[in-house]
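**Q** What follows is a structure written as structure tokens; I'll ask about it next.
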Amino acid sequence: MLEALLAAGLGPGPNTLAAPTARGRGTGPVAGPRPPAGLLGREIRRLPTSRRVVALTFNAAWDESGLGTVLAELRRRRAPATFFPTGMYAEARRAAVRAMAEAGHGLGNHSYSHPYFDDLSTQERAREVRAADAAIRKASAAEPLPFFRFPYSSTTEDSVADVNDLGYAAIEFTNDTNGYLGPAGGMTVNEAVRRAVDSLEPGAVLQMHVGSSTGDGVVLDAEALPKIIDAALEEEYAVVDLREFLASQAP
């Protein structure tokens, strides 16, 4: 299905907002758009808005299982999403990352090799972020977003500051569906949907995954996505594009 989506040409690439340059703590920012000041200085687990909106995000670090299904459903619903691939994923699965961008979705940065950032120095963190940025740019032929998601969602005040200095807002999540655990981890499609619905609040950010962590090809988040969107709409929530928050902080 992924190959068919690529051949179909799924719309425009991500935004290419211009941005001023800035200097951080000796590492310097990655080239590209800068997040607004209101998204810096802390990890973001809920978007700064009072509107009934929810952002759909997908991490990508394993394989492309479920990606075609997710992209097709997002296209059918005309719903935006943001994908956070690792740099290693972008190098190994270039067609998958290209498909995300060509479908018109935003691409964030999920580090190069998915280490615990708590254990890294400022310079090591910069290398991880920069290597991922380069790999995502090469694979997607698009401008990545200035959004970073920490591996394991493990953040510290210092690591958030380092990522901010590189030109990224630390976009975490309100809740994870835990679909990535799969049936072997005791998860079901209905439980993934329940976790998503229970997390709905203005500005909620849902974390899901594409790919199979066990290699069995089962991606519960891909199966749950239609029900999650249906449930959000029933609760009068709109699916919002994270890129909207690059331009404005207005609620």
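In the structure tokens, chains take letters A, B, ... by order of appearance, with residues numbered from 1 within each chain and ligands from 1 in the order shown.
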Near Asp230 (chain A), within 12 Å and counting only C-alpha atoms, which residues show up once chain neighbours fewer than 2 positions away are dropped, as a list in words?
**A** Glu73, Arg77, Ala79, Val193, Ala196, Val197, Ala224, Leu225, Pro226, Lys227, Ile228, Ala232, Leu233, Glu234, Glu235, Glu236, Tyr237, Ala238 and Val239 of chain A
**Q** For region 111-115 of chain A, work out the shell of residues within 10 Å, counting only C-alpha atoms and skipping chain neighbours fewer than 4 positions away, then give it as an MDAnalysis selection string.
**A** chainID A and resid 61 84:91 119:120 125:136 148:152 154
**Q** Using DSSP on the backbone coordinates, identify the residues of region 29-93 of chain A assigned to alpha helix (DSSP H); present them as a PyMOL selection string.
**A** chain A and resi 67-77+87-92
**Q** Write out, as a JSON list (two decimals), in the first residue's frame, the residues just selected, with C-alpha atoms.
**A**
[["chain", "number", "residue", "atom", "x", "y", "z"],
["A", 67, "LEU", "CA", 2.09, 3.39, 7.57],
["A", 68, "GLY", "CA", 0.15, 2.91, 4.35],
["A", 69, "THR", "CA", -3.02, 2.32, 6.36],
["A", 70, "VAL", "CA", -2.43, 5.44, 8.48],
["A", 71, "LEU", "CA", -1.68, 7.67, 5.49],
["A", 72, "ALA", "CA", -4.73, 6.40, 3.61],
["A", 73, "GLU", "CA", -7.01, 7.04, 6.59],
["A", 74, "LEU", "CA", -5.60, 10.52, 7.17],
["A", 75, "ARG", "CA", -6.09, 11.29, 3.50],
["A", 76, "ARG", "CA", -9.66, 9.98, 3.54],
["A", 77, "ARG", "CA", -10.47, 12.15, 6.57],
["A", 87, "GLY", "CA", 17.39, 9.55, 11.88],
["A", 88, "MET", "CA", 18.21, 5.86, 11.66],
["A", 89, "TYR", "CA", 14.65, 5.20, 10.50],
["A", 90, "ALA", "CA", 14.95, 7.93, 7.86],
["A", 91, "GLU", "CA", 18.15, 6.35, 6.53],
["A", 92, "ALA", "CA", 16.76, 2.80, 6.51]]
**Q** Using only C-alpha atoms, find the one residue out of A:Thr82, A:Ser65, A:Ser121, A:Thr174 that sits nearest to Leu242 (chain A).
**A** A:Thr82
**Q** So that I can see what lies close to Gly167 (chain A), please list as a JSON list (two decimals) with C-alpha atoms, in the first residue's frame the residues with an atom at most 6 Å from it, counting only C-alpha atoms and leaving out residues fewer than 2 positions away in the same chain.
**A**
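Output (out.json):
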[["chain", "number", "residue", "atom", "x", "y", "z"],
["A", 29, "PRO", "CA", 20.58, 26.17, 15.97],
["A", 34, "ARG", "CA", 12.13, 28.56, 14.65],
["A", 164, "ASN", "CA", 15.69, 24.68, 22.59],
["A", 165, "ASP", "CA", 19.15, 26.11, 21.87]]
**Q** Could you state the separation of CA of Lys138 (chain A) and CA of Leu107 (chain A) in Å, given to one decimal place?
**A**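 Interatomic distance here is 12.3 Å.
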**Q** From the DSSP assignment of the backbone, select every residue of region 141-243 of chain A that is strand (DSSP E), and format the answer as a PyMOL selection string.
**A** chain A and resi 147-148+169-171+175-176+204-210+238-239
**Q** Those selected residues, please, written with C-alpha atoms and delivered as a PDB file, in the first residue's frame.
**A**
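As a result, again-v1.pdb now contains:
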ATOM      1  CA  PHE A 147       9.701  20.148  16.923  1.00  0.00           C
ATOM      2  CA  PHE A 148      11.692  17.570  18.872  1.00  0.00           C
ATOM      3  CA  ALA A 169      10.448  23.074  20.864  1.00  0.00           C
ATOM      4  CA  ALA A 170      10.149  19.939  23.009  1.00  0.00           C
ATOM      5  CA  ILE A 171       6.827  18.482  21.852  1.00  0.00           C
ATOM      6  CA  ASN A 175      -1.042  10.571  26.473  1.00  0.00           C
ATOM      7  CA  ASP A 176       0.192   7.583  24.499  1.00  0.00           C
ATOM      8  CA  ALA A 204      -4.402  17.429  23.679  1.00  0.00           C
ATOM      9  CA  VAL A 205      -1.495  15.787  21.870  1.00  0.00           C
ATOM     10  CA  LEU A 206      -1.910  12.075  21.197  1.00  0.00           C
ATOM     11  CA  GLN A 207       1.142   9.895  20.669  1.00  0.00           C
ATOM     12  CA  MET A 208       0.850   6.852  18.442  1.00  0.00           C
ATOM     13  CA  HIS A 209       3.321   4.770  16.463  1.00  0.00           C
ATOM     14  CA  VAL A 210       3.770   3.373  12.996  1.00  0.00           C
ATOM     15  CA  ALA A 238     -11.269  19.011  15.635  1.00  0.00           C
ATOM     16  CA  VAL A 239      -7.977  17.517  14.514  1.00  0.00           C
TER      17      VAL A 239
END
**Q** Excluding Glu201 (chain A) and its own-chain neighbours fewer than 4 positions away, which residues fall within 8 Å of it when counting only C-alpha atoms? Please give them as an mmCIF file with N, CA and C atoms, in the first residue's frame.
**A**
data_model
loop_
_atom_site.group_PDB
_atom_site.id
_atom_site.type_symbol
_atom_site.label_atom_id
_atom_site.label_comp_id
_atom_site.auth_asym_id
_atom_site.auth_seq_id
_atom_site.Cartn_x
_atom_site.Cartn_y
_atom_site.Cartn_z
ATOM 1 N N ARG A 52 -11.262 23.272 21.433
ATOM 2 C CA ARG A 52 -11.438 21.819 21.496
ATOM 3 C C ARG A 52 -10.776 21.203 20.265
ATOM 4 N N VAL A 53 -9.455 21.110 20.362
ATOM 5 C CA VAL A 53 -8.674 20.543 19.270
ATOM 6 C C VAL A 53 -7.733 19.481 19.828
ATOM 7 N N VAL A 54 -7.374 18.548 18.963
ATOM 8 C CA VAL A 54 -6.443 17.491 19.332
ATOM 9 C C VAL A 54 -5.454 17.310 18.187
#
